[in-house]
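Only one structure is covered here, and it is reproduced in the block below.
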Amino acid sequence: MKKNNQKTLFSAPGGKSYLVPFILITSLFLLWGFAHGLLDVLNKHFQGVFTMTKAESGLVQFSTYIAYFLMALPAGMFMKRFGYKKGIILGLCLFAVGAFAFIPAAYLHSASPFLIALFVIACGLCILETAANPYSTILGPEESGAQRLNLSQSFNGLGWIFGGEESDPFTLTKPYILVGSVVLLVAILFIFTKLPEVQVEEDTDAEEKEYVPASGTASMWRHPQFVRAIIAQFCYCAAQTGIFSFFINYVTEVDTSMTNIEASRILAFGGMALFMIGRLSGSFTMKWMSPARLLTWFALADAVCMALVVVSVGTVSLYALYLSFFFMSIMFPTIFALGLEGMGSSTKKASSYIVMGVAGGAFAPMLMGYIGADNMAIGFV
């Protein structure tokens, strides 16, 4: 008899439901979506408040995304030794410490304390992503892992919507205090909630043995899809971060009548709303179309959108920029899930390496800011 959709997505091999753990994990995506939404607004306003060039304002993203490169492997090692639950709690605690660090930073009238606080937050986010992304994919059948992760990450887009609404780096202190408090409460909830420590079966499948024998790290690199996922994640995160970081710059340059605040609202309620819709619709579309094929079509569509953005033909280019949010929406979770397919007992370690790919976002904004110093459209090349 065919199982219903809920059982197909969230059922354990023995029939037990993973729905409640999935809901708790999904709440994490909402929290770091909010943090990243605030980050993208900071980029533009640091240019004005601290008299930074476009390239210098890329330090906002650099201080955040470089943490993913530095923390991903230690996070994976921590998870391998102590499990997903303790990893999540550690990530939440670091997240809260960084958020509360915005209080003293606001009184020091310098960009550096904010950048340090963002780095600490990002260390926490890196640990959370290293834990929550693979945990979400394995809370049910492997074949629906990409669908489940896209569903979880759609709430990341919801957090981005509310995070992107703020307009000044100093008024952002209050939202960070709020999110830090919420993060602490969520950490306490995880401490007192029993979560299944999902054990990935050892490599029993013949095909899986071919790619991931029990010999350790070296064998992971024999899995071509895993290697491609790291490269793809690096490139995607570079592109996504660049688009998010200089969205306000581009929009206000193309439409000179638009203010920074108006552009930030379009980013939050236009671009990020399309981002969330894309992930929700993508998750359901994957019931009928393979994740790899859907990813291919969306990537091609986004490349067309970027070409229109670069040629800068007024309203058409603006709508192409907005639409790019919809098509890029499924990329991170889908690349992540595809890269972990068949990794078996190496899943936690493989997750760390794919998370390292997020470091692509550390370099793209500075490069885009340099290229597009006089004309932001050129930076989108």
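We name chains A, B, ... following the order of the structure tokens; residues begin at 1 in each chain, and ligands are numbered from 1 as shown.
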
I need the helix (DSSP H, G or I) residues of stretch 77-148 of chain A per DSSP on the backbone, written as a short mmCIF file (atom, residue, chain, number, x, y, z; two decimals) with N, CA and C atoms, in the first residue's frame.
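Listing of selection_0.cif after writing:
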```
data_model
loop_
_atom_site.label_atom_id
_atom_site.label_comp_id
_atom_site.auth_asym_id
_atom_site.auth_seq_id
_atom_site.Cartn_x
_atom_site.Cartn_y
_atom_site.Cartn_z
N MET A 77 33.97 17.82 13.33
CA MET A 77 34.66 16.98 14.32
C MET A 77 33.90 16.96 15.63
N PHE A 78 33.38 18.12 16.02
CA PHE A 78 32.60 18.19 17.26
C PHE A 78 31.35 17.32 17.15
N MET A 79 30.68 17.40 15.99
CA MET A 79 29.45 16.62 15.79
C MET A 79 29.73 15.12 15.76
N LYS A 80 30.84 14.77 15.15
CA LYS A 80 31.19 13.35 15.07
C LYS A 80 31.41 12.77 16.46
N ARG A 81 31.98 13.58 17.36
CA ARG A 81 32.28 13.09 18.70
C ARG A 81 31.09 13.18 19.65
N PHE A 82 30.34 14.30 19.55
CA PHE A 82 29.29 14.56 20.53
C PHE A 82 27.86 14.47 19.99
N TYR A 84 24.66 15.41 16.91
CA TYR A 84 23.98 16.57 16.33
C TYR A 84 23.41 17.50 17.40
N LYS A 85 22.79 16.93 18.43
CA LYS A 85 22.11 17.75 19.43
C LYS A 85 23.07 18.70 20.14
N LYS A 86 24.19 18.20 20.62
CA LYS A 86 25.15 19.05 21.32
C LYS A 86 25.77 20.07 20.37
N GLY A 87 25.92 19.68 19.10
CA GLY A 87 26.41 20.63 18.11
C GLY A 87 25.45 21.78 17.92
N ILE A 88 24.17 21.47 17.86
CA ILE A 88 23.15 22.51 17.71
C ILE A 88 23.15 23.45 18.91
N ILE A 89 23.25 22.91 20.11
CA ILE A 89 23.26 23.73 21.33
C ILE A 89 24.49 24.66 21.35
N LEU A 90 25.65 24.13 20.97
CA LEU A 90 26.86 24.95 20.91
C LEU A 90 26.69 26.08 19.90
N GLY A 91 26.15 25.76 18.72
CA GLY A 91 25.94 26.77 17.70
C GLY A 91 24.99 27.87 18.16
N LEU A 92 23.92 27.48 18.84
CA LEU A 92 22.97 28.47 19.34
C LEU A 92 23.61 29.38 20.39
N CYS A 93 24.45 28.83 21.25
CA CYS A 93 25.11 29.64 22.28
C CYS A 93 26.06 30.66 21.66
N LEU A 94 26.83 30.26 20.67
CA LEU A 94 27.71 31.21 19.99
C LEU A 94 26.91 32.28 19.25
N PHE A 95 25.82 31.87 18.63
CA PHE A 95 24.91 32.79 17.96
C PHE A 95 24.46 33.87 18.94
N ALA A 96 24.04 33.47 20.13
CA ALA A 96 23.54 34.42 21.13
C ALA A 96 24.65 35.36 21.61
N VAL A 97 25.85 34.82 21.83
CA VAL A 97 26.97 35.66 22.28
C VAL A 97 27.26 36.75 21.26
N GLY A 98 27.29 36.38 19.97
CA GLY A 98 27.54 37.36 18.92
C GLY A 98 26.45 38.40 18.82
N ALA A 99 25.21 37.97 18.99
CA ALA A 99 24.08 38.91 18.92
C ALA A 99 24.14 39.93 20.04
N PHE A 100 24.43 39.48 21.24
CA PHE A 100 24.51 40.41 22.38
C PHE A 100 25.75 41.31 22.30
N PHE A 102 26.48 43.06 19.91
CA PHE A 102 26.09 44.28 19.22
C PHE A 102 25.83 45.43 20.20
N ILE A 103 25.56 45.12 21.47
CA ILE A 103 25.29 46.17 22.47
C ILE A 103 26.53 47.03 22.70
N PRO A 104 27.68 46.44 23.07
CA PRO A 104 28.88 47.30 23.22
C PRO A 104 29.35 47.87 21.89
N ALA A 105 29.15 47.12 20.79
CA ALA A 105 29.61 47.60 19.48
C ALA A 105 28.95 48.92 19.11
N ALA A 111 33.41 50.39 12.77
CA ALA A 111 32.90 49.19 12.09
C ALA A 111 33.49 47.91 12.68
N SER A 112 34.71 47.97 13.21
CA SER A 112 35.42 46.76 13.66
C SER A 112 34.66 45.95 14.70
N PRO A 113 34.10 46.58 15.77
CA PRO A 113 33.36 45.78 16.76
C PRO A 113 32.15 45.06 16.15
N PHE A 114 31.49 45.71 15.18
CA PHE A 114 30.37 45.06 14.51
C PHE A 114 30.86 43.85 13.71
N LEU A 115 32.01 44.01 13.04
CA LEU A 115 32.55 42.91 12.23
C LEU A 115 32.94 41.73 13.11
N ILE A 116 33.50 42.01 14.29
CA ILE A 116 33.85 40.93 15.23
C ILE A 116 32.60 40.21 15.72
N ALA A 117 31.56 40.99 16.04
CA ALA A 117 30.29 40.39 16.50
C ALA A 117 29.69 39.52 15.40
N LEU A 118 29.76 40.01 14.16
CA LEU A 118 29.23 39.23 13.03
C LEU A 118 30.02 37.93 12.85
N PHE A 119 31.33 37.99 13.07
CA PHE A 119 32.17 36.78 12.96
C PHE A 119 31.75 35.74 14.00
N VAL A 120 31.51 36.18 15.23
CA VAL A 120 31.08 35.24 16.29
C VAL A 120 29.72 34.63 15.95
N ILE A 121 28.80 35.48 15.48
CA ILE A 121 27.49 34.97 15.06
C ILE A 121 27.66 33.92 13.98
N ALA A 122 28.52 34.23 13.01
CA ALA A 122 28.72 33.31 11.88
C ALA A 122 29.33 31.99 12.32
N CYS A 123 30.20 32.02 13.34
CA CYS A 123 30.75 30.76 13.86
C CYS A 123 29.61 29.88 14.38
N GLY A 124 28.67 30.52 15.09
CA GLY A 124 27.50 29.78 15.57
C GLY A 124 26.64 29.27 14.43
N LEU A 125 26.43 30.12 13.42
CA LEU A 125 25.61 29.73 12.27
C LEU A 125 26.25 28.58 11.51
N CYS A 126 27.59 28.62 11.40
CA CYS A 126 28.29 27.55 10.70
C CYS A 126 28.07 26.21 11.39
N ILE A 127 28.17 26.20 12.72
CA ILE A 127 27.95 24.96 13.46
C ILE A 127 26.51 24.48 13.27
N LEU A 128 25.56 25.42 13.31
CA LEU A 128 24.16 25.07 13.12
C LEU A 128 23.92 24.47 11.74
N GLU A 129 24.51 25.10 10.72
CA GLU A 129 24.30 24.60 9.36
C GLU A 129 24.96 23.25 9.17
N THR A 130 26.14 23.07 9.77
CA THR A 130 26.84 21.79 9.66
C THR A 130 26.00 20.68 10.30
N ALA A 131 25.24 21.03 11.33
CA ALA A 131 24.40 20.04 12.00
C ALA A 131 23.02 19.91 11.35
N ALA A 132 22.35 21.04 11.18
CA ALA A 132 20.94 21.02 10.78
C ALA A 132 20.71 20.59 9.34
N ASN A 133 21.61 20.98 8.44
CA ASN A 133 21.40 20.60 7.04
C ASN A 133 21.42 19.08 6.84
N PRO A 134 22.47 18.37 7.27
CA PRO A 134 22.44 16.92 7.11
C PRO A 134 21.39 16.25 7.98
N TYR A 135 21.13 16.82 9.18
CA TYR A 135 20.13 16.23 10.07
C TYR A 135 18.77 16.26 9.41
N SER A 136 18.48 17.36 8.71
CA SER A 136 17.19 17.48 8.02
C SER A 136 17.07 16.45 6.90
N THR A 137 18.17 16.20 6.20
CA THR A 137 18.10 15.27 5.07
C THR A 137 17.89 13.82 5.51
N GLU A 142 16.04 8.53 2.31
CA GLU A 142 17.12 9.24 1.63
C GLU A 142 16.65 9.88 0.32
N GLU A 143 15.76 9.19 -0.41
CA GLU A 143 15.34 9.70 -1.71
C GLU A 143 14.58 11.02 -1.63
N SER A 144 14.01 11.35 -0.46
CA SER A 144 13.28 12.61 -0.32
C SER A 144 14.08 13.64 0.49
N GLY A 145 15.39 13.41 0.63
CA GLY A 145 16.23 14.31 1.43
C GLY A 145 16.26 15.73 0.89
N ALA A 146 16.41 15.88 -0.44
CA ALA A 146 16.46 17.22 -1.03
C ALA A 146 15.12 17.93 -0.86
N GLN A 147 14.03 17.20 -1.00
CA GLN A 147 12.70 17.79 -0.82
C GLN A 147 12.50 18.27 0.60
N ARG A 148 12.95 17.47 1.57
CA ARG A 148 12.81 17.80 2.99
C ARG A 148 13.67 19.02 3.34
#
```

Find the spatial neighbours of A:Val311, counting only C-alpha atoms, within a cut-off of 12 Å - ignore same-chain residues fewer than 2 positions away - and output them as a list of chain:residue names.
A:Val254, A:Val304, A:Cys305, A:Met306, A:Ala307, A:Leu308, A:Val309, A:Val313, A:Gly314, A:Thr315, A:Val316, A:Ser317, A:Leu318, A:Ala320, A:Leu321, A:Asn375, A:Met376, A:Ala377, A:Ile378, A:Gly379, A:Phe380, A:Val381

For the selection you just gave me, I'd like the residues written to a file as a compact mmCIF listing (two decimals), in the first residue's frame, keeping N, CA and C atoms.
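Writing the result to selection_32.txt gives the following:
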```
# COMPACT_ATOMS: atom_id res chain seq x y z
N VAL A 254 19.84 52.23 -10.69
CA VAL A 254 18.97 52.12 -11.88
C VAL A 254 17.78 53.06 -11.74
N VAL A 304 20.25 33.66 -17.18
CA VAL A 304 19.59 34.60 -18.09
C VAL A 304 19.23 35.88 -17.36
N CYS A 305 18.70 35.74 -16.14
CA CYS A 305 18.36 36.91 -15.32
C CYS A 305 19.59 37.79 -15.09
N MET A 306 20.73 37.17 -14.76
CA MET A 306 21.94 37.94 -14.51
C MET A 306 22.44 38.65 -15.75
N ALA A 307 22.27 38.03 -16.91
CA ALA A 307 22.67 38.69 -18.17
C ALA A 307 21.86 39.97 -18.37
N LEU A 308 20.58 39.91 -18.06
CA LEU A 308 19.72 41.09 -18.18
C LEU A 308 20.09 42.16 -17.16
N VAL A 309 20.51 41.72 -15.97
CA VAL A 309 20.94 42.67 -14.94
C VAL A 309 22.19 43.42 -15.39
N VAL A 313 19.00 47.49 -18.58
CA VAL A 313 18.03 48.13 -19.48
C VAL A 313 16.78 48.56 -18.71
N GLY A 314 16.99 49.23 -17.61
CA GLY A 314 15.89 49.83 -16.86
C GLY A 314 15.02 48.83 -16.14
N THR A 315 13.71 48.99 -16.32
CA THR A 315 12.72 48.18 -15.59
C THR A 315 12.88 46.70 -15.85
N VAL A 316 13.22 46.33 -17.08
CA VAL A 316 13.41 44.91 -17.42
C VAL A 316 14.51 44.30 -16.55
N SER A 317 15.60 45.02 -16.39
CA SER A 317 16.72 44.52 -15.58
C SER A 317 16.34 44.43 -14.11
N LEU A 318 15.56 45.40 -13.64
CA LEU A 318 15.11 45.36 -12.24
C LEU A 318 14.26 44.12 -11.97
N ALA A 320 14.31 41.38 -13.68
CA ALA A 320 15.18 40.21 -13.80
C ALA A 320 15.92 39.97 -12.48
N LEU A 321 16.35 41.06 -11.83
CA LEU A 321 17.03 40.94 -10.54
C LEU A 321 16.08 40.37 -9.49
N ASN A 375 29.96 51.67 -11.60
CA ASN A 375 28.70 51.20 -12.20
C ASN A 375 28.41 49.81 -11.66
N MET A 376 27.42 49.72 -10.75
CA MET A 376 27.16 48.45 -10.07
C MET A 376 26.76 47.35 -11.02
N ALA A 377 26.15 47.69 -12.13
CA ALA A 377 25.72 46.68 -13.11
C ALA A 377 26.90 45.85 -13.60
N ILE A 378 28.05 46.49 -13.80
CA ILE A 378 29.23 45.79 -14.28
C ILE A 378 29.71 44.77 -13.23
N GLY A 379 29.53 45.13 -11.95
CA GLY A 379 29.92 44.22 -10.88
C GLY A 379 29.20 42.88 -10.93
N PHE A 380 28.01 42.85 -11.52
CA PHE A 380 27.22 41.61 -11.58
C PHE A 380 27.73 40.63 -12.65
N VAL A 381 28.75 41.04 -13.41
CA VAL A 381 29.35 40.12 -14.36
C VAL A 381 29.83 38.85 -13.64
```

Skipping near chain neighbours, those fewer than 4 positions away, what residues fall within 12 Å of A:Leu338 using only C-alpha atoms, listed as a PyMOL selection string?
chain A and resi 133-134+137+142-147+149-150+223-230+232-233+290-293+295+330-334+342-343+347+350-351+354

Could you check which of A:Tyr176, A:Ser152, A:Val182, A:Ala299 is closest to A:Phe22, using only C-alpha atoms?
A:Ser152

Which distance in Å separates atom CA of A:Met71 and atom CA of A:Val355, to one decimal?
9.2 Å

Show me, as a VMD selection string, the residues that have an atom within 7 Å of stretch 48-62 of chain A when counting only C-alpha atoms, minus same-chain residues fewer than 3 positions from it.
chain A and resid 43 45 65 to 66 111 115 361 to 363 365 to 367 369 to 370 373

Dump of all heavy atoms for the selected residues, as an mmCIF file, in the first residue's frame:
```
data_model
loop_
_atom_site.group_PDB
_atom_site.id
_atom_site.type_symbol
_atom_site.label_atom_id
_atom_site.label_comp_id
_atom_site.auth_asym_id
_atom_site.auth_seq_id
_atom_site.Cartn_x
_atom_site.Cartn_y
_atom_site.Cartn_z
ATOM 1 N N ASN A 43 25.394 46.000 4.809
ATOM 2 C CA ASN A 43 26.384 46.273 3.773
ATOM 3 C C ASN A 43 26.234 47.669 3.194
ATOM 4 O O ASN A 43 27.193 48.439 3.126
ATOM 5 C CB ASN A 43 26.274 45.212 2.670
ATOM 6 C CG ASN A 43 27.322 45.387 1.596
ATOM 7 O OD1 ASN A 43 27.155 46.169 0.670
ATOM 8 N ND2 ASN A 43 28.413 44.656 1.716
ATOM 9 N N HIS A 45 24.483 50.271 4.386
ATOM 10 C CA HIS A 45 24.516 51.356 5.358
ATOM 11 C C HIS A 45 25.898 51.592 5.950
ATOM 12 O O HIS A 45 26.205 52.695 6.382
ATOM 13 C CB HIS A 45 23.464 51.112 6.432
ATOM 14 C CG HIS A 45 22.082 51.271 5.911
ATOM 15 N ND1 HIS A 45 21.496 52.496 5.699
ATOM 16 C CD2 HIS A 45 21.170 50.357 5.498
ATOM 17 C CE1 HIS A 45 20.284 52.333 5.202
ATOM 18 N NE2 HIS A 45 20.067 51.044 5.073
ATOM 19 N N TYR A 65 31.289 35.198 6.242
ATOM 20 C CA TYR A 65 31.421 33.947 5.490
ATOM 21 C C TYR A 65 32.785 33.286 5.645
ATOM 22 O O TYR A 65 32.907 32.079 5.417
ATOM 23 C CB TYR A 65 31.087 34.191 4.018
ATOM 24 C CG TYR A 65 29.615 34.467 3.813
ATOM 25 C CD1 TYR A 65 29.149 35.758 3.623
ATOM 26 C CD2 TYR A 65 28.687 33.434 3.859
ATOM 27 C CE1 TYR A 65 27.791 36.019 3.465
ATOM 28 C CE2 TYR A 65 27.337 33.681 3.703
ATOM 29 C CZ TYR A 65 26.894 34.976 3.512
ATOM 30 O OH TYR A 65 25.551 35.221 3.360
ATOM 31 N N ILE A 66 33.806 34.055 6.043
ATOM 32 C CA ILE A 66 35.092 33.416 6.291
ATOM 33 C C ILE A 66 35.003 32.498 7.506
ATOM 34 O O ILE A 66 35.761 31.523 7.624
ATOM 35 C CB ILE A 66 36.207 34.473 6.479
ATOM 36 C CG1 ILE A 66 37.579 33.828 6.305
ATOM 37 C CG2 ILE A 66 36.097 35.155 7.824
ATOM 38 C CD1 ILE A 66 37.838 33.295 4.918
ATOM 39 N N ALA A 111 33.410 50.386 12.770
ATOM 40 C CA ALA A 111 32.900 49.191 12.095
ATOM 41 C C ALA A 111 33.486 47.914 12.682
ATOM 42 O O ALA A 111 32.835 46.863 12.683
ATOM 43 C CB ALA A 111 33.212 49.271 10.600
ATOM 44 N N LEU A 115 32.007 44.011 13.045
ATOM 45 C CA LEU A 115 32.549 42.914 12.232
ATOM 46 C C LEU A 115 32.941 41.732 13.113
ATOM 47 O O LEU A 115 32.736 40.571 12.736
ATOM 48 C CB LEU A 115 33.755 43.405 11.433
ATOM 49 C CG LEU A 115 33.479 44.518 10.408
ATOM 50 C CD1 LEU A 115 34.773 44.948 9.727
ATOM 51 C CD2 LEU A 115 32.455 44.058 9.370
ATOM 52 N N GLY A 361 31.079 33.168 -0.347
ATOM 53 C CA GLY A 361 30.428 34.433 -0.033
ATOM 54 C C GLY A 361 31.340 35.445 0.630
ATOM 55 O O GLY A 361 30.995 36.625 0.734
ATOM 56 N N ALA A 362 32.527 35.006 1.085
ATOM 57 C CA ALA A 362 33.455 35.924 1.748
ATOM 58 C C ALA A 362 34.177 36.819 0.747
ATOM 59 O O ALA A 362 34.589 37.926 1.076
ATOM 60 C CB ALA A 362 34.482 35.135 2.568
ATOM 61 N N PHE A 363 34.357 36.326 -0.478
ATOM 62 C CA PHE A 363 35.200 37.033 -1.436
ATOM 63 C C PHE A 363 34.421 37.772 -2.523
ATOM 64 O O PHE A 363 34.882 38.796 -3.029
ATOM 65 C CB PHE A 363 36.168 36.036 -2.079
ATOM 66 C CG PHE A 363 36.981 35.274 -1.076
ATOM 67 C CD1 PHE A 363 36.630 33.976 -0.715
ATOM 68 C CD2 PHE A 363 38.084 35.847 -0.465
ATOM 69 C CE1 PHE A 363 37.373 33.272 0.216
ATOM 70 C CE2 PHE A 363 38.839 35.164 0.467
ATOM 71 C CZ PHE A 363 38.484 33.869 0.811
ATOM 72 N N PRO A 365 31.621 39.735 -2.583
ATOM 73 C CA PRO A 365 31.226 41.137 -2.418
ATOM 74 C C PRO A 365 32.367 42.126 -2.604
ATOM 75 O O PRO A 365 32.185 43.179 -3.223
ATOM 76 C CB PRO A 365 30.677 41.175 -0.982
ATOM 77 C CG PRO A 365 30.216 39.785 -0.725
ATOM 78 C CD PRO A 365 31.224 38.921 -1.419
ATOM 79 N N MET A 366 33.553 41.805 -2.079
ATOM 80 C CA MET A 366 34.678 42.722 -2.243
ATOM 81 C C MET A 366 35.079 42.837 -3.710
ATOM 82 O O MET A 366 35.376 43.931 -4.209
ATOM 83 C CB MET A 366 35.862 42.264 -1.386
ATOM 84 C CG MET A 366 35.639 42.481 0.108
ATOM 85 S SD MET A 366 37.118 42.188 1.121
ATOM 86 C CE MET A 366 37.267 40.408 0.974
ATOM 87 N N LEU A 367 35.081 41.701 -4.411
ATOM 88 C CA LEU A 367 35.413 41.713 -5.836
ATOM 89 C C LEU A 367 34.357 42.464 -6.639
ATOM 90 O O LEU A 367 34.688 43.291 -7.505
ATOM 91 C CB LEU A 367 35.543 40.273 -6.350
ATOM 92 C CG LEU A 367 35.929 40.110 -7.822
ATOM 93 C CD1 LEU A 367 37.283 40.755 -8.096
ATOM 94 C CD2 LEU A 367 35.945 38.634 -8.205
ATOM 95 N N GLY A 369 32.329 44.764 -5.490
ATOM 96 C CA GLY A 369 32.414 46.170 -5.124
ATOM 97 C C GLY A 369 33.533 46.878 -5.853
ATOM 98 O O GLY A 369 33.401 48.052 -6.243
ATOM 99 N N TYR A 370 34.650 46.177 -6.065
ATOM 100 C CA TYR A 370 35.789 46.759 -6.777
ATOM 101 C C TYR A 370 35.463 46.944 -8.259
ATOM 102 O O TYR A 370 35.704 48.014 -8.828
ATOM 103 C CB TYR A 370 37.014 45.852 -6.609
ATOM 104 C CG TYR A 370 38.229 46.326 -7.364
ATOM 105 C CD1 TYR A 370 39.005 47.385 -6.884
ATOM 106 C CD2 TYR A 370 38.605 45.714 -8.557
ATOM 107 C CE1 TYR A 370 40.118 47.827 -7.580
ATOM 108 C CE2 TYR A 370 39.714 46.148 -9.270
ATOM 109 C CZ TYR A 370 40.479 47.205 -8.776
ATOM 110 O OH TYR A 370 41.575 47.639 -9.475
ATOM 111 N N ALA A 373 32.615 49.667 -8.842
ATOM 112 C CA ALA A 373 32.779 50.889 -8.047
ATOM 113 C C ALA A 373 32.067 52.072 -8.659
ATOM 114 O O ALA A 373 31.469 52.890 -7.964
ATOM 115 C CB ALA A 373 34.276 51.186 -7.885
#
```

For A:Ala187, which of A:Ala301, A:Met258, A:Leu30, A:Leu24 is the closest residue, counting only C-alpha atoms?
A:Leu24

Would you kindly return, as a VMD selection string, each protein, DNA or RNA residue with an atom no farther than 9 Å from any atom of A:Gln240, considering only C-alpha atoms and excluding same-chain residues fewer than 5 positions away?
chain A and resid 235 245 325 328 361

Could the residues in this selection be written to a file with all heavy atoms, as a PDB file, in the first residue's frame?
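again_26.pdb, written as the output of this step:
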```pdb
ATOM      1  N   CYS A 235      30.606  28.336  -5.627  1.00  0.00           N
ATOM      2  CA  CYS A 235      30.193  29.264  -6.684  1.00  0.00           C
ATOM      3  C   CYS A 235      28.815  29.855  -6.389  1.00  0.00           C
ATOM      4  O   CYS A 235      28.595  31.057  -6.570  1.00  0.00           O
ATOM      5  CB  CYS A 235      30.167  28.541  -8.030  1.00  0.00           C
ATOM      6  SG  CYS A 235      31.784  28.006  -8.607  1.00  0.00           S
ATOM      7  N   SER A 245      24.097  41.401  -1.331  1.00  0.00           N
ATOM      8  CA  SER A 245      24.869  42.502  -0.768  1.00  0.00           C
ATOM      9  C   SER A 245      24.686  43.807  -1.538  1.00  0.00           C
ATOM     10  O   SER A 245      24.632  44.890  -0.942  1.00  0.00           O
ATOM     11  CB  SER A 245      26.355  42.141  -0.745  1.00  0.00           C
ATOM     12  OG  SER A 245      26.585  40.976   0.010  1.00  0.00           O
ATOM     13  N   PHE A 325      15.879  35.898  -7.457  1.00  0.00           N
ATOM     14  CA  PHE A 325      15.706  35.364  -6.098  1.00  0.00           C
ATOM     15  C   PHE A 325      14.896  34.074  -6.121  1.00  0.00           C
ATOM     16  O   PHE A 325      15.165  33.139  -5.373  1.00  0.00           O
ATOM     17  CB  PHE A 325      15.011  36.393  -5.206  1.00  0.00           C
ATOM     18  CG  PHE A 325      15.905  37.508  -4.752  1.00  0.00           C
ATOM     19  CD1 PHE A 325      16.285  38.511  -5.626  1.00  0.00           C
ATOM     20  CD2 PHE A 325      16.390  37.554  -3.454  1.00  0.00           C
ATOM     21  CE1 PHE A 325      17.112  39.548  -5.215  1.00  0.00           C
ATOM     22  CE2 PHE A 325      17.222  38.574  -3.028  1.00  0.00           C
ATOM     23  CZ  PHE A 325      17.585  39.571  -3.916  1.00  0.00           C
ATOM     24  N   MET A 328      17.210  31.224  -7.642  1.00  0.00           N
ATOM     25  CA  MET A 328      18.344  30.792  -6.832  1.00  0.00           C
ATOM     26  C   MET A 328      17.893  30.089  -5.540  1.00  0.00           C
ATOM     27  O   MET A 328      18.698  29.480  -4.845  1.00  0.00           O
ATOM     28  CB  MET A 328      19.252  31.972  -6.499  1.00  0.00           C
ATOM     29  CG  MET A 328      18.786  32.854  -5.359  1.00  0.00           C
ATOM     30  SD  MET A 328      20.026  34.056  -4.843  1.00  0.00           S
ATOM     31  CE  MET A 328      19.660  35.397  -5.962  1.00  0.00           C
ATOM     32  N   GLY A 361      31.079  33.168  -0.347  1.00  0.00           N
ATOM     33  CA  GLY A 361      30.428  34.433  -0.033  1.00  0.00           C
ATOM     34  C   GLY A 361      31.340  35.445   0.630  1.00  0.00           C
ATOM     35  O   GLY A 361      30.995  36.625   0.734  1.00  0.00           O
TER      36      GLY A 361
END
```

At what distance in Å, to one decimal, does atom CA of A:Gly271 lie from atom CA of A:Glu253?
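Computing the Euclidean distance for atom CA of A:Glu253 and atom CA of A:Gly271 yields 17.2 Å.
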
Neighbour list for A:Ile277 as an NGL selection string, cut-off 12 Å, only C-alpha atoms, skip fewer than 2 positions in-chain:
:A and (150-151 or 153-158 or 161 or 269-275 or 279-285 or 323 or 325-330)
